Amino acid sequence: MKLEVNRHATTPIAQQLDVGIRAWIAAHGAGGGRRLPSIRRLAATHHISRNAVIEAYERLVASGLVRSRPGSGFYVADSAAALVSQPAATSGLEEVTNGLWGLFSANEHALKLGCGWLPSDWREGDDLTHAIRQVARKSRSGIFEYSTPQGPQDLRGLIQERLRPLAITADAQQIVMTGGGSHSLDLLVRMLLEPGDVVFVESPGYYNLFGLLHLQRIRVIGVPRLADGPDIERLEVLLAEHRPKLFYINSVFHNPTGSTLTPAVAHRVLQLAEQHDFQIIEDDIYADFQHTPTTRLAALDGLSRVFYLGSFSKSLSSSLRVGFVAAPVAWVQRLVDIKMLTSISASRFAEQVVTTLLQNGSYRKLTERLRIKLANQMAMALTMLKNAGWEVYTQPAGGMFVWAKPPVAIAPETLSELANRWKITLSPGHLFFADHQPTPWLRLNVAYIQDPRAKGFIEAAS
């Protein structure tokens with residue numbers, strides 16, 4: 001079996017194999033019964049990992065084109081003739097998940113310059129380990145039992161106090177604990193939207209949300225994100241054409257541009273929300289990276305139209321999934337009901353660990369140190385990019401992300417090959433647009449910028 005496999009392409013190898021084997025079946029084996037090369041043989045022939053072959057075969061089995069015979073191997077299915085004419089098109093959902101898999105399945109020694117989390121060696125384990133031991137020693141229920149559907153009262157009270165410096169007045173009864181920011185979004189999409197509804201998102205914006213909305217068959221309209229927030233002029237034009245049910249906004253240290261919402265833009269967005277009767281999800285999962293609080297939509301709105309999201313996963317631990325939603329009073333019970341139906345509760349153990357860290361002051365000290373480190377890395381990244389001639393979309397006041405592009409036009413395939421040469425993984429820029437439009441812009445995570453490979457890649461792309 002001759003297949004075209006490009007190990008340096010942005011398309012995952014498993015997907016390349018899937019497409020290639022479909023084409024081979026169409027040309028040679030649609031009648032069924034033909035044996036496919038073994039996993040070991042196909043991996044050795046193309047100098048690729050066995051895991052990629054296994055994933056490709058499993059995709060083909062799931063689609064009905066291939067059958068697995070335990071102890072014998074993989075064979076073209078009898079039904080393949082009827083199925084092989086169906087294209088293996090990549091949907092918007094697959095486009096997003098493939099991008100995520102590219103980051104998560106990358107070689108552990110690769111520099112994840114395009115990822116959305118902090119490096120492992122930045123994580124401070126001593127206080128976290130101490131809190132875990134405390135919970136394990138003192139709370140048997142924390143290890144073995146479900147949490148309450150809304151989340152522990154003491155943790156929600158602590159979060160209520162943490163929101164006060166942001167001028168967000170939220171009663172503990174308005175706070176619902178979740179299993180992280182992505183879980184919060186999933187719950188809100190389920191609660192607020194139905195197939196066919198229109199949602200406005202920022203463009204560029206959070207690509208995982210785009211996949212989630214695609215999964216729920218929601219119409220997604222992009223609103224350009226500028227240095228001070230959503231493009232108000234464009235927003236007004238789009239509102240004349242569409243009736244969105246919801247607008248998703250990443251207010252502080254926006255992903256991927258690093259920009260922060262200004263008071264004037266925030267006020268205008270809320271005026272338009274009132275005028276055109278849409279609700280707002282304010283994603284503020286990077287709040288703890290900010291030295292001095294700036295304007296929040298939830299503070300101006302008083303949690304009337306705004307659902308406010310927070311998380312501890314970015315700052316504390318990606319593995320310790322704890323987030324929350326501060327919601328308008330009328331929606332809290334509905335949100336809790338959906339949470340119970342879909343996940344029963346969040347992790348009681350993780351919630352108690354976070355409670356311990358908040359109560360003993362460890363989390364506050366941790367985030368203070370992270371702000372300083374990120375500020376230093378941001379300054380270093382901006383200087384490095386400037387010296388290399390890269391264009392920066394806006395100069396972030398903090399956080400993890402810089403949205404930048406090389407000084408010369410580089411084809412995506414060439415850029416991917418260059419990144420592979422420097423053992424770097426990137427998040428393809430087109431994923432940050434709801435319509436996946438081609439773009440020369442890249443999201444760079446400044447926490448990784450000090451690595452010599454990052455400097456080498458940036459200079460080589462100049």
# chains A, B, ... in the order shown; residues from 1 in each chain; ligands from 1

$ select_by_dssp --residues "region 303-369 of chain A" --states "strand (DSSP E or B)" --output "ChimeraX atom specification"
/A:306-311,323-326

$ residues_around --residues "Tyr57 (chain A)" --least-positions-apart "6" --cutoff "12 Å" --atoms "only C-alpha atoms" --output "number ranges by chain"
A: 13-22, 36-39, 42-43, 50-51, 63-68, 73-76

$ residues_around --residues "region 220-235 of chain A" --least-positions-apart "2" --cutoff "7 Å" --atoms "only C-alpha atoms" --output "number ranges by chain"
A: 198-204, 218, 237-239, 259-262, 265, 394, 434

$ closest_residue --among "A:Ala388, A:His28, A:Gln216, A:Ala461" --to "Ala419 (chain A)" --atoms "only C-alpha atoms"
A:Ala461

$ closest_atom_pairs --of "region 285-329 of chain A" --to "region 354-361 of chain A" --cutoff "9 Å" --atoms "only C-alpha atoms" --output "tab-separated table"
residue	atom	partner	partner_atom	distance
A:Phe312	CA	A:Val354	CA	8.1
A:Leu316	CA	A:Val354	CA	8.8
A:Leu320	CA	A:Val354	CA	8.8
A:Val322	CA	A:Val354	CA	7.8

$ residues_around --residues "Arg190 (chain A)" --least-positions-apart "4" --cutoff "8 Å" --atoms "only C-alpha atoms" --output "list in words"
Asp186, Glu194 and Ile338 of chain A

$ closest_residue --among "A:Gln150, A:Ser313, A:Thr169, A:Gln377" --to "Ala447 (chain A)" --atoms "only C-alpha atoms"
A:Gln377

$ closest_atom_pairs --of "region 106-164 of chain A" --to "region 399-413 of chain A" --cutoff "9 Å" --atoms "only C-alpha atoms" --output "Markdown table"
| residue | atom | partner | partner_atom | distance |
| --- | --- | --- | --- | --- |
| A:Gly114 | CA | A:Phe401 | CA | 9.0 |
| A:Gly116 | CA | A:Met400 | CA | 7.8 |
| A:Trp117 | CA | A:Met400 | CA | 8.2 |
| A:Leu118 | CA | A:Met400 | CA | 8.2 |

$ write_last_selection --atoms "C-alpha atoms" --output "CSV table (one decimal), in the first residue's frame"
chain,number,residue,atom,x,y,z
A,114,GLY,CA,1.6,28.0,20.7
A,116,GLY,CA,-2.5,27.9,26.1
A,117,TRP,CA,-1.1,26.8,29.4
A,118,LEU,CA,2.0,27.4,31.6

$ closest_residue --among "A:Val392, A:Ala287, A:Leu209, A:Met384" --to "Tyr308 (chain A)" --atoms "only C-alpha atoms"
A:Ala287

$ residues_around --residues "Gln333 (chain A)" --least-positions-apart "3" --cutoff "10 Å" --atoms "only C-alpha atoms" --output "list in words"
Gln150, Gln173, Gln174, Val176, Ala327, Val329, Ala330, Val336, Asp337, Ile338 and Lys339 of chain A

$ write_last_selection --atoms "all heavy atoms" --output "short mmCIF file (atom, residue, chain, number, x, y, z; two decimals), in the first residue's frame"
data_model
loop_
_atom_site.label_atom_id
_atom_site.label_comp_id
_atom_site.auth_asym_id
_atom_site.auth_seq_id
_atom_site.Cartn_x
_atom_site.Cartn_y
_atom_site.Cartn_z
N GLN A 150 -24.36 22.54 43.44
CA GLN A 150 -23.95 23.92 43.17
C GLN A 150 -22.50 24.15 43.52
O GLN A 150 -21.87 25.09 43.00
CB GLN A 150 -24.83 24.90 43.94
CG GLN A 150 -24.64 26.35 43.50
CD GLN A 150 -25.72 27.28 44.04
OE1 GLN A 150 -26.75 26.82 44.54
NE2 GLN A 150 -25.49 28.59 43.96
N GLN A 173 -24.89 32.60 46.43
CA GLN A 173 -25.95 31.80 45.82
C GLN A 173 -26.01 31.97 44.30
O GLN A 173 -26.68 31.21 43.62
CB GLN A 173 -27.29 32.17 46.44
CG GLN A 173 -27.47 31.69 47.87
CD GLN A 173 -27.30 30.17 47.97
OE1 GLN A 173 -26.35 29.68 48.59
NE2 GLN A 173 -28.20 29.43 47.35
N GLN A 174 -25.32 32.98 43.78
CA GLN A 174 -25.28 33.18 42.33
C GLN A 174 -24.10 32.47 41.68
O GLN A 174 -23.93 32.52 40.47
CB GLN A 174 -25.19 34.67 42.00
CG GLN A 174 -26.44 35.46 42.29
CD GLN A 174 -26.25 36.93 41.96
OE1 GLN A 174 -25.97 37.75 42.83
NE2 GLN A 174 -26.40 37.26 40.68
N VAL A 176 -21.95 29.09 40.73
CA VAL A 176 -22.06 27.65 40.50
C VAL A 176 -20.67 27.13 40.15
O VAL A 176 -20.03 27.62 39.21
CB VAL A 176 -23.03 27.35 39.34
CG1 VAL A 176 -23.11 25.84 39.10
CG2 VAL A 176 -24.41 27.92 39.63
N ALA A 327 -23.79 33.87 37.85
CA ALA A 327 -24.90 33.98 36.93
C ALA A 327 -26.00 34.89 37.45
O ALA A 327 -26.13 35.08 38.68
CB ALA A 327 -25.48 32.58 36.66
N VAL A 329 -29.49 35.81 38.85
CA VAL A 329 -30.25 35.02 39.83
C VAL A 329 -31.25 34.09 39.17
O VAL A 329 -31.37 32.91 39.54
CB VAL A 329 -30.97 35.96 40.83
CG1 VAL A 329 -31.87 35.17 41.76
CG2 VAL A 329 -29.95 36.77 41.64
N ALA A 330 -31.95 34.58 38.17
CA ALA A 330 -33.04 33.81 37.55
C ALA A 330 -32.54 32.55 36.85
O ALA A 330 -33.34 31.63 36.59
CB ALA A 330 -33.79 34.70 36.56
N VAL A 336 -27.73 24.77 37.56
CA VAL A 336 -27.44 23.66 38.46
C VAL A 336 -28.12 22.38 37.98
O VAL A 336 -27.54 21.29 38.02
CB VAL A 336 -27.86 24.00 39.91
CG1 VAL A 336 -27.70 22.78 40.82
CG2 VAL A 336 -27.05 25.16 40.45
N ASP A 337 -29.36 22.50 37.49
CA ASP A 337 -30.08 21.33 36.99
C ASP A 337 -29.34 20.68 35.82
O ASP A 337 -29.20 19.45 35.76
CB ASP A 337 -31.49 21.73 36.54
CG ASP A 337 -32.40 22.09 37.71
OD1 ASP A 337 -32.06 21.73 38.85
OD2 ASP A 337 -33.45 22.73 37.47
N ILE A 338 -28.87 21.52 34.89
CA ILE A 338 -28.15 20.98 33.73
C ILE A 338 -26.83 20.36 34.16
O ILE A 338 -26.42 19.31 33.66
CB ILE A 338 -27.93 22.09 32.68
CG1 ILE A 338 -29.27 22.53 32.11
CG2 ILE A 338 -26.99 21.62 31.56
CD1 ILE A 338 -29.19 23.72 31.20
N LYS A 339 -26.17 20.99 35.11
CA LYS A 339 -24.92 20.42 35.63
C LYS A 339 -25.17 19.05 36.24
O LYS A 339 -24.40 18.10 36.01
CB LYS A 339 -24.32 21.37 36.66
CG LYS A 339 -23.04 20.85 37.32
CD LYS A 339 -22.59 21.78 38.43
CE LYS A 339 -21.48 21.16 39.25
NZ LYS A 339 -21.10 21.99 40.42
#

$ closest_residue --among "A:Ala299, A:Val306, A:Leu366, A:Met340" --to "Arg123 (chain A)" --atoms "only C-alpha atoms"
A:Leu366

$ atom_distance --atom1 "CA of Ala26 (chain A)" --atom2 "CA of Ser72 (chain A)"
22.5 Å

$ residues_around --residues "Val332 (chain A)" --least-positions-apart "6" --cutoff "12 Å" --atoms "only C-alpha atoms" --output "MDAnalysis selection string"
chainID A and resid 149:150 170:177 187:188 191 303 307 324:326 338:339

$ select_by_dssp --residues "region 250-296 of chain A" --states "helix (DSSP H, G or I)" --output "list of chain:residue names"
A:Pro263, A:Ala264, A:Val265, A:Ala266, A:His267, A:Arg268, A:Val269, A:Leu270, A:Gln271, A:Leu272, A:Ala273, A:Glu274, A:Gln275, A:His276, A:Ala287, A:Asp288, A:Phe289

$ closest_residue --among "A:Glu236, A:Gly456, A:Leu341, A:Gly151" --to "Asn420 (chain A)" --atoms "only C-alpha atoms"
A:Gly456
